[in-house]
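Below is one structure, written out as structure tokens; the observations come after it.
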Amino acid sequence: MSARPADFMLDPGSVRFPHRHAAHCESGVIATLISCYGHPLTEPMAFGLAAGMTFVHFPLIKVGGIPLTAYRMPPGYIMRGVARHFGLKMASRRFRNADEGMRDLDRLLSEGRIVGMQTSVYWLPYFPKDMRFHFNAHNLIVFGKEGNDYLISDPVIERPVRCAAEALKRARFAKGRFAPRGFVYYPASTAADIDLDRAVRKSIRKTVNMMLRAPLPWVGVKGIRRLAKTFAKLDARTADDHYRKMFVGSVIRMQEEIGTGGGGFRFIYASYLQEAGTKLGNPKLIAASEQMTAVGDQWRMFAVAGANFCKGHRGSTLGNVRDELLKCADMEEAAYRNLLRL
Amino acid sequence: MKKSEVPQENNVVFEGGFKALYALNEDGKYVVVPSSGWKVEETVTLMAVEEFRRLAEEARQRVLAGRSSPLEYHMYAQRMDLPVLAQATGLFQWRVKRHLRPAVFAKLSLGILKRYADALGVPAERLKEVPR
């Protein structure tokens with residue numbers, strides 16, 4: 001526990017693995033993994049094609065007593081979405097027995113495979129201690145073993161790291177919500193070339209439908225507005241100032257903090273639109289990318305307002321936070337309406 | 001966000017590490033930019049960390065006063081709460097809650113204690129005490 005993250009970093013010169021630093025674990029892992037298996041893919045393309053972006057705020061599902069907020073689709077969604085687009089068969093399995101899961105990993109590595117896996121964040125010793133929460137849907141790549149240490153390419157860490165077998169075992173077999181049960185995956189076939197224009201249109205339609213037309217009030221633009229309303233009511237509903245701050249703090253954490261899966265999803269999506277637009281020579285996509293960038297910037301304004309409220313800055317009220325959030329909703333809606341006219 | 005706007009504010013939580021962000025370079029093209037952190041993110045992360053610290057400390061006081069079992073302290077010290085600990089051990093929440101009572105905790109079997117030890121990553125012996 002006392003070791004610093006830097007102690008686990010591998011010297012990049014000694015590692016023959018094309019490690020990539022990514023904003024989000026799942027899209028990062030899947031992009032690097034598929035690239036390793038012969039089909040170059042960037043993180044934004046993986047994220048966008050799989051329609052990984054969303055917004056949900058479920059008042060009834062609670063984490064630590066606070067309603068759940070998420071800015072991206074549930075764990076596993078990006079991997080499945082990318083595999084579907086590329087006609088890729090992913091080999092994957094879970095294990096009842098932890099030792100069996102570790103033996104299987106050693107066998108895969110000895111065959112020269114590079115594998116992705118799901119783990120808890122809490123038990124990974126190379127994570128800074130204050131980033132370690134009981135979040136079980138983290139993803140990383142294992143590309144080798146040296147003595148008792150596994151060599152890991154964790155997309156949210158800037159360099160490859162090492163991790164002792166015992167710790168990795170704990171992280172792979174942590175229990176609780178989203179328990180990974182040793183989930184391990186790798187491409188079992190090569191990716192096919194796809195009709196990019198069609199794939200991009202399909203993926204955008206999917207995201208737009210979810211954000212504008214989901215039949216649930218907690219999802220998409222409707223969900224953002226509903227959350228804004230909740231902020232407005234929070235003053236009346238509870239006199240507990242501490243709860244108000246924890247509530248706002250949690251919404252911002254999910255948006256920003258890596259350990260929660262956050263990481264500037266609107267900018268990843270804007271990057272996707274730009275890359276797709278450049279590849280397809282479609283100026284409408286480029287324009288949409290610029291609009292999505294503005295949306296991302298507005299979410300940052302919201303985060304600033306939220307953090308100011310949490311810190312109890314003078315003059316910072318829940319009303320400010322709500323107003324910024326409503327601007328996010330308006331800008332998102334406009335961006336998706338434009339994407340409809342692609 | 002432009003590359004020049006990517007926050008480099010040394011988030012203490014990162015312990016010197018970097019986070020990847022997508023931002024526009026001088027040519028208006030999206031690139032990955034390593035960020036040393038943003039105070040906004042630091043604020044909300046530390047809030048969550050501090051909340052567990054506060055809960056653990058309050059539990060510790062209760063344990064020392066004989067009003068709660070050491071399990072409550074270790075639960076919060078390992079950044080868990082009742083639902084998370086119940087899920088991690090596979091026990092019902094009402095059972096875990098019962099085990100937070102000092103008298104019930106004192107009589108726990110070694111098997112159950114071991115389950116808590118595994119879930120919390122704290123040796124069974126240390127589970128029976130709290131730091132003074």
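Chain labels run A, B, ... following the order of the structure tokens; each chain numbers its residues from 1, and ligands are numbered from 1 in the order shown.
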I need the chain B residues near chain A as a PyMOL selection string; criterion: at most 10 Å, counting only C-alpha atoms. chain B and resi 1-2+12-24+28-34+38-52+78-90+118-119+121
Got a sec to tell me which of chain B DSSP assigns to strand (DSSP E), as a ChimeraX atom specification? /B:19-24,30-35
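Considering only C-alpha atoms, the residue among B:Ala106, B:Val122, B:Glu26, B:Gln8 positioned nearest to His74 (chain B) is B:Val122.
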